[in-house]
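> Input file: coords-v1.cif. Contents: mmCIF, C-alpha atoms.
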```cif
data_structure
#
loop_
_atom_site.label_atom_id
_atom_site.label_comp_id
_atom_site.auth_asym_id
_atom_site.auth_seq_id
_atom_site.Cartn_x
_atom_site.Cartn_y
_atom_site.Cartn_z
CA MET S 90 -43.98 -36.43 -6.94
CA SER S 91 -43.48 -33.61 -4.50
CA LEU S 92 -44.95 -30.14 -4.77
CA LEU S 93 -41.56 -28.65 -5.57
CA VAL S 94 -40.78 -31.07 -8.40
CA LEU S 95 -44.27 -30.55 -9.81
CA SER S 96 -43.98 -26.76 -9.85
CA ALA S 97 -40.40 -26.91 -11.17
CA GLU S 98 -41.68 -29.09 -14.02
CA ALA S 99 -44.44 -26.56 -14.79
CA ALA S 100 -41.99 -23.66 -14.50
CA SER S 101 -39.57 -25.25 -16.94
CA TRP S 102 -42.36 -25.50 -19.52
CA ILE S 103 -43.15 -21.81 -18.99
CA VAL S 104 -39.48 -20.88 -19.37
CA LEU S 105 -39.32 -23.01 -22.52
CA ILE S 106 -42.24 -21.06 -24.03
CA ALA S 107 -40.49 -17.82 -23.05
CA ALA S 108 -37.33 -19.00 -24.80
CA LEU S 109 -39.36 -19.77 -27.95
CA ILE S 110 -40.86 -16.25 -27.92
CA THR S 111 -37.38 -14.76 -27.46
CA THR S 112 -36.14 -16.83 -30.38
CA ALA S 113 -38.86 -15.24 -32.50
CA ARG S 114 -37.40 -11.81 -31.71
CA LEU S 115 -33.91 -13.17 -32.45
CA VAL S 116 -35.08 -14.26 -35.91
CA LEU S 117 -37.19 -11.16 -36.63
CA GLY S 118 -34.46 -8.67 -35.73
CA PRO S 119 -34.72 -6.11 -37.29
CA GLY S 120 -31.39 -4.63 -36.14
CA VAL S 121 -28.21 -6.19 -34.82
CA SER S 122 -28.79 -4.67 -31.40
CA ASP S 123 -32.28 -6.23 -31.24
CA ARG S 124 -30.65 -9.60 -31.78
CA ALA S 125 -28.06 -8.80 -29.09
CA VAL S 126 -30.89 -8.08 -26.61
CA ALA S 127 -32.66 -11.31 -27.55
CA LEU S 128 -29.44 -13.35 -27.17
CA ASP S 129 -28.77 -11.76 -23.77
CA LEU S 130 -32.25 -12.71 -22.53
CA LEU S 131 -31.96 -16.17 -24.09
CA THR S 132 -28.83 -17.04 -22.09
CA ALA S 133 -30.52 -15.92 -18.86
CA LEU S 134 -33.57 -18.04 -19.72
CA VAL S 135 -31.50 -21.12 -20.50
CA ALA S 136 -29.55 -20.64 -17.23
CA ALA S 137 -32.90 -20.53 -15.39
CA PHE S 138 -33.99 -23.65 -17.28
CA ALA S 139 -30.82 -25.46 -16.21
CA GLY S 140 -31.52 -24.48 -12.59
CA LEU S 141 -35.05 -25.88 -12.91
CA ARG S 142 -33.66 -29.12 -14.37
CA ALA S 143 -31.38 -29.36 -11.32
CA LEU S 144 -34.49 -29.15 -9.13
CA VAL S 145 -36.45 -31.75 -11.11
CA THR S 146 -33.70 -34.33 -11.61
CA ASP S 147 -31.66 -33.64 -8.44
CA ILE S 148 -28.44 -33.60 -10.47
CA ASP S 149 -26.00 -30.91 -9.31
CA ALA S 150 -24.13 -30.73 -12.61
CA TYR S 151 -26.96 -28.65 -14.11
CA LEU S 152 -25.92 -25.82 -11.78
CA ASP S 153 -22.46 -25.81 -13.35
CA VAL S 154 -24.18 -25.51 -16.72
CA ALA S 155 -26.13 -22.50 -15.43
CA ALA S 156 -23.00 -20.85 -14.01
CA ALA S 157 -21.00 -21.36 -17.21
CA LEU S 158 -23.90 -20.06 -19.33
CA ALA S 159 -24.26 -16.93 -17.20
CA LEU S 160 -20.51 -16.24 -17.53
CA VAL S 161 -20.25 -16.91 -21.25
CA GLY S 162 -23.49 -15.02 -21.92
CA PHE S 163 -22.16 -11.92 -20.19
CA LEU S 164 -18.85 -12.01 -22.04
CA GLY S 165 -20.66 -12.66 -25.32
CA THR S 166 -22.91 -9.67 -24.75
CA LEU S 167 -19.90 -7.44 -24.05
CA ALA S 168 -18.17 -8.64 -27.22
CA PHE S 169 -21.35 -8.20 -29.26
CA ALA S 170 -21.79 -4.64 -27.96
CA ARG S 171 -18.16 -3.79 -28.79
CA PHE S 172 -18.78 -5.09 -32.31
CA ILE S 173 -21.93 -2.97 -32.71
CA ALA S 174 -20.21 0.18 -31.38
CA LYS S 175 -17.10 -0.35 -33.49
CA ARG S 176 -19.11 -0.89 -36.63
CA GLY S 177 -20.63 2.55 -36.06
CA PRO S 178 -23.70 4.09 -37.64
CA ARG S 179 -25.10 2.43 -40.72
CA PRO S 180 -25.61 4.81 -43.65
CA GLY S 181 -28.98 6.51 -43.47
CA GLU S 182 -29.89 5.51 -39.95
CA PHE S 183 -28.97 8.82 -38.33
CA GLU S 184 -31.06 10.74 -40.81
CA LYS S 185 -33.94 8.44 -40.03
CA ARG S 186 -33.66 9.20 -36.33
CA ALA S 187 -33.52 12.95 -36.93
CA ARG S 188 -36.65 12.73 -39.07
CA LEU S 189 -38.50 10.81 -36.37
CA ARG S 190 -37.59 13.47 -33.82
CA LEU S 191 -38.69 16.31 -36.05
CA ARG S 192 -42.03 14.68 -36.68
CA LYS S 193 -42.56 14.49 -32.93
CA ARG S 194 -41.88 18.21 -32.43
CA SER S 195 -44.08 19.54 -35.16
CA MET K 604 -51.96 -35.94 -6.85
CA ILE K 605 -51.73 -32.22 -6.14
CA ALA K 606 -53.63 -32.58 -2.85
CA ASP K 607 -51.24 -35.32 -1.68
CA ALA K 608 -48.26 -33.20 -2.66
CA LEU K 609 -49.67 -30.20 -0.77
CA ALA K 610 -50.21 -32.29 2.38
CA ALA K 611 -46.64 -33.64 2.28
CA ALA K 612 -44.84 -30.38 1.48
CA SER K 613 -42.83 -28.49 4.08
CA LEU K 614 -42.99 -24.72 4.41
CA LEU K 615 -39.59 -24.28 2.76
CA GLU K 616 -40.63 -26.42 -0.19
CA GLY K 617 -43.82 -24.43 -0.59
CA LEU K 618 -41.87 -21.18 -0.54
CA ALA K 619 -39.40 -22.51 -3.11
CA ALA K 620 -42.24 -23.72 -5.34
CA LEU K 621 -43.80 -20.26 -5.18
CA LEU K 622 -40.46 -18.59 -6.01
CA VAL K 623 -39.85 -20.92 -8.94
CA LEU K 624 -43.30 -20.36 -10.42
CA ALA K 625 -43.07 -16.58 -9.94
CA GLY K 626 -39.66 -16.58 -11.58
CA ALA K 627 -40.97 -18.51 -14.57
CA ALA K 628 -43.86 -16.06 -14.88
CA PHE K 629 -41.42 -13.13 -14.90
CA CYS K 630 -39.35 -14.89 -17.56
CA LEU K 631 -42.46 -15.23 -19.71
CA VAL K 632 -43.33 -11.54 -19.21
CA ALA K 633 -39.78 -10.57 -20.21
CA ALA K 634 -39.98 -12.65 -23.39
CA ILE K 635 -43.35 -11.14 -24.35
CA GLY K 636 -41.92 -7.68 -23.71
CA VAL K 637 -38.88 -8.35 -25.89
CA LEU K 638 -41.17 -9.56 -28.68
CA ARG K 639 -43.75 -6.76 -28.53
CA PHE K 640 -41.93 -3.54 -27.59
CA GLU K 641 -41.05 -1.19 -30.41
CA ASP K 642 -37.38 -0.30 -30.23
CA VAL K 643 -34.15 -1.64 -28.76
CA PHE K 644 -34.24 0.57 -25.69
CA MET K 645 -37.77 -0.47 -24.71
CA ARG K 646 -36.88 -4.12 -25.27
CA LEU K 647 -33.89 -3.71 -22.96
CA HIS K 648 -36.30 -2.63 -20.21
CA ALA K 649 -38.17 -5.93 -20.49
CA SER K 650 -35.16 -8.21 -20.87
CA THR K 651 -32.90 -6.64 -18.29
CA LYS K 652 -35.40 -6.08 -15.47
CA ALA K 653 -38.07 -8.76 -15.81
CA GLY K 654 -35.67 -11.31 -17.26
CA THR K 655 -33.07 -10.92 -14.52
CA LEU K 656 -35.72 -10.96 -11.79
CA GLY K 657 -37.24 -14.11 -13.25
CA ALA K 658 -33.97 -16.01 -13.57
CA GLY K 659 -32.87 -14.73 -10.16
CA LEU K 660 -36.07 -15.94 -8.47
CA VAL K 661 -35.70 -19.37 -10.07
CA MET K 662 -32.10 -19.66 -8.86
CA LEU K 663 -33.15 -18.47 -5.38
CA GLY K 664 -35.79 -21.19 -5.23
CA ALA K 665 -33.17 -23.73 -6.28
CA ALA K 666 -30.69 -22.42 -3.69
CA LEU K 667 -33.27 -22.77 -0.90
CA THR K 668 -34.11 -26.41 -1.53
CA LEU K 669 -31.21 -28.20 -3.22
CA ASP K 670 -29.40 -30.83 -1.15
CA GLY K 671 -25.95 -29.93 0.10
CA ALA K 672 -24.24 -26.63 0.83
CA GLY K 673 -22.20 -26.77 -2.37
CA ALA K 674 -25.22 -26.94 -4.64
CA SER K 675 -27.00 -24.15 -2.75
CA ALA K 676 -23.90 -21.97 -2.85
CA ARG K 677 -23.53 -22.50 -6.59
CA ALA K 678 -27.17 -21.60 -7.22
CA ALA K 679 -26.82 -18.48 -5.05
CA GLY K 680 -23.61 -17.62 -6.88
CA VAL K 681 -25.35 -17.83 -10.26
CA MET K 682 -28.11 -15.56 -8.90
CA ALA K 683 -25.61 -12.99 -7.61
CA PHE K 684 -23.69 -13.08 -10.89
CA LEU K 685 -26.87 -12.51 -12.92
CA LEU K 686 -27.87 -9.58 -10.69
CA LEU K 687 -24.39 -8.04 -10.97
CA THR K 688 -23.93 -8.38 -14.72
CA ALA K 689 -27.41 -7.50 -16.00
CA PRO K 690 -27.06 -3.70 -15.53
CA VAL K 691 -23.61 -3.74 -17.11
CA SER K 692 -24.68 -5.64 -20.20
CA ALA K 693 -27.85 -3.54 -20.57
CA HIS K 694 -25.81 -0.34 -20.39
CA VAL K 695 -23.26 -1.62 -22.89
CA ILE K 696 -25.90 -2.77 -25.40
CA ALA K 697 -27.92 0.46 -25.08
CA ARG K 698 -24.83 2.64 -25.59
CA ALA K 699 -23.68 0.61 -28.58
CA ALA K 700 -27.16 0.66 -30.12
CA TYR K 701 -27.42 4.42 -29.68
CA LEU K 702 -24.01 5.06 -31.19
CA ALA K 703 -24.86 2.73 -34.07
CA GLY K 704 -27.93 4.88 -34.72
CA ALA K 705 -30.70 2.51 -33.76
CA ALA K 706 -34.06 4.05 -34.62
CA LEU K 707 -36.13 5.35 -31.71
CA SER K 708 -39.78 4.46 -31.35
CA ARG K 709 -42.28 7.11 -32.32
CA ALA K 710 -43.58 6.94 -28.74
CA THR K 711 -40.26 8.32 -27.46
CA TRP K 712 -40.61 11.98 -26.56
CA ILE K 713 -37.27 12.96 -25.12
CA ASP K 714 -33.79 12.14 -26.46
CA GLN K 715 -31.60 13.74 -23.78
CA ARG K 716 -28.34 12.55 -25.29
CA ALA K 717 -29.22 14.18 -28.59
CA ALA K 718 -29.95 17.41 -26.70
CA LEU K 719 -26.46 17.21 -25.16
CA THR K 720 -24.61 16.51 -28.39
CA ASP K 721 -27.11 18.18 -30.70
CA GLY K 722 -27.60 15.08 -32.83
CA GLU K 723 -24.84 15.57 -35.37
CA ASP K 724 -22.00 14.83 -32.95
CA ALA K 725 -23.19 11.32 -32.26
CA GLY K 726 -21.51 10.03 -35.41
CA ALA K 727 -18.25 11.77 -34.52
CA GLU K 728 -18.47 10.29 -31.04
CA ALA K 729 -18.90 6.85 -32.48
CA ALA K 730 -15.82 7.42 -34.65
CA ALA K 731 -13.86 8.59 -31.60
CA ASP K 732 -15.07 5.48 -29.79
CA ARG K 733 -13.69 3.38 -32.62
CA GLY K 734 -10.43 5.32 -32.59
CA THR K 735 -9.64 4.88 -28.90
CA ASP K 736 -9.90 1.16 -29.27
CA GLY K 737 -8.26 0.76 -32.61
#
```
Please, can you express the file's structure as structure tokens?

Amino acid sequence: MSLLVLSAEAASWIVLIAALITTARLVLGPGVSDRAVALDLLTALVAAFAGLRALVTDIDAYLDVAAALALVGFLGTLAFARFIAKRGPRPGEFEKRARLRLRKRS
Amino acid sequence: MIADALAAASLLEGLAALLVLAGAAFCLVAAIGVLRFEDVFMRLHASTKAGTLGAGLVMLGAALTLDGAGASARAAGVMAFLLLTAPVSAHVIARAAYLAGAALSRATWIDQRAALTDGEDAGAEAAADRGTDG
């Protein structure tokens, strides 16, 4: 087992733990945009994981997986952001922000 | 096992191993940041900077050592694509979250966009944003 394969194996475990932590944020929320951020990071992490698998197994096809994930993740993020912006402010949330700002000033 | 691997490794392999491990560490830092920061905009800092750097370093390490020009080019292409799209998606999410009225952390001192629009106009701007697309 070469040094590169060894470290790629270790790195894929680290990325897996990172993906689990990101999934926790995806589940916890609390807002839609928090989940959008978590999903965006999750696609980047899984693309990195696919690249690491390509290093460990020496199978090129994993790179196609990474490329497709990066593409679809970007488009998905754009669509998600359009959805959030179109939906507009939820009732009560703007008042909450104003209150937070006032508390800071006083 | 590790000593044998070290003795057999070339310089390029060592460099790629270092890049891959550093990239994984940045990925972990990004995930911890996304979990622990307080509001959407802070979380975007972690995911978009540390996350992209981590994934980019991993793909760079793969591009350096994979067999064949095609595989290396694909890995480099994925890296370039990630670096190009991360700022765009971060901007788009942050703008959408602001227009949707995402709450700011109490640690945030300055809301420059609210100073520009004086707070109340943000809702109207969101409505205009909906209208132009509708």
> Work out how far apart CA of Ile103 in chain S and CA of Ala634 in chain K are and give it in Å to one decimal.
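A separation of 10.6 Å between them.
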> Residues of chain S were defined as contacting chain K if any atom lay at most 6 Å from it, counting only C-alpha atoms; please report them as a PyMOL selection string.
chain S and resi 91-93+96+100+103-104+107+110-111+114+122-123+130+137+156+170+173-175+177-178+182-183+186
> Using Å and a single decimal, report how far CA of Phe163 in chain S sits from CA of Val145 in chain S.
26.1 Å
> Here's the selection I'm unsure about, the PyMOL selection byres ((chain S and resi 155) around 8); applied to the file above, which residues does it give, as a ChimeraX atom specification?
/S:135-137,139-140,151-154,156-159 /K:681
> Keeping C-alpha atoms, export the residues of the selection given above as a PDB file, in the coordinates of the input.

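Resulting contents of again39.pdb:
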```pdb
ATOM      1  CA  VAL S 135     -31.500 -21.120 -20.500  1.00  0.00           C
ATOM      2  CA  ALA S 136     -29.550 -20.640 -17.230  1.00  0.00           C
ATOM      3  CA  ALA S 137     -32.900 -20.530 -15.390  1.00  0.00           C
ATOM      4  CA  ALA S 139     -30.820 -25.460 -16.210  1.00  0.00           C
ATOM      5  CA  GLY S 140     -31.520 -24.480 -12.590  1.00  0.00           C
ATOM      6  CA  TYR S 151     -26.960 -28.650 -14.110  1.00  0.00           C
ATOM      7  CA  LEU S 152     -25.920 -25.820 -11.780  1.00  0.00           C
ATOM      8  CA  ASP S 153     -22.460 -25.810 -13.350  1.00  0.00           C
ATOM      9  CA  VAL S 154     -24.180 -25.510 -16.720  1.00  0.00           C
ATOM     10  CA  ALA S 156     -23.000 -20.850 -14.010  1.00  0.00           C
ATOM     11  CA  ALA S 157     -21.000 -21.360 -17.210  1.00  0.00           C
ATOM     12  CA  LEU S 158     -23.900 -20.060 -19.330  1.00  0.00           C
ATOM     13  CA  ALA S 159     -24.260 -16.930 -17.200  1.00  0.00           C
TER      14      ALA S 159
ATOM     15  CA  VAL K 681     -25.350 -17.830 -10.260  1.00  0.00           C
TER      16      VAL K 681
END
```
> Just give me the gap between CA of Phe138 in chain S and CA of Ser101 in chain S in Å, one decimal is fine.
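Between CA of Phe138 in chain S and CA of Ser101 in chain S the gap is 5.8 Å.
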> Select, from S:Ala97, S:Leu128, S:Trp102, S:Leu115, the residue with the minimum atom-to-atom distance to Gly165 in chain S, counting all atoms listed in the file.
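Closest to Gly165 in chain S of all the choices is S:Leu128.
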> Let me have the centre and edge lengths in Å, one decimal, of the box along x, y and z around every listed atom of range 129-134 of chain S with 8 Å of margin on each side, as JSON.

```
{"center_x": -31.2, "center_y": -14.9, "center_z": -21.5, "size_x": 20.8, "size_y": 22.3, "size_z": 21.2}
```
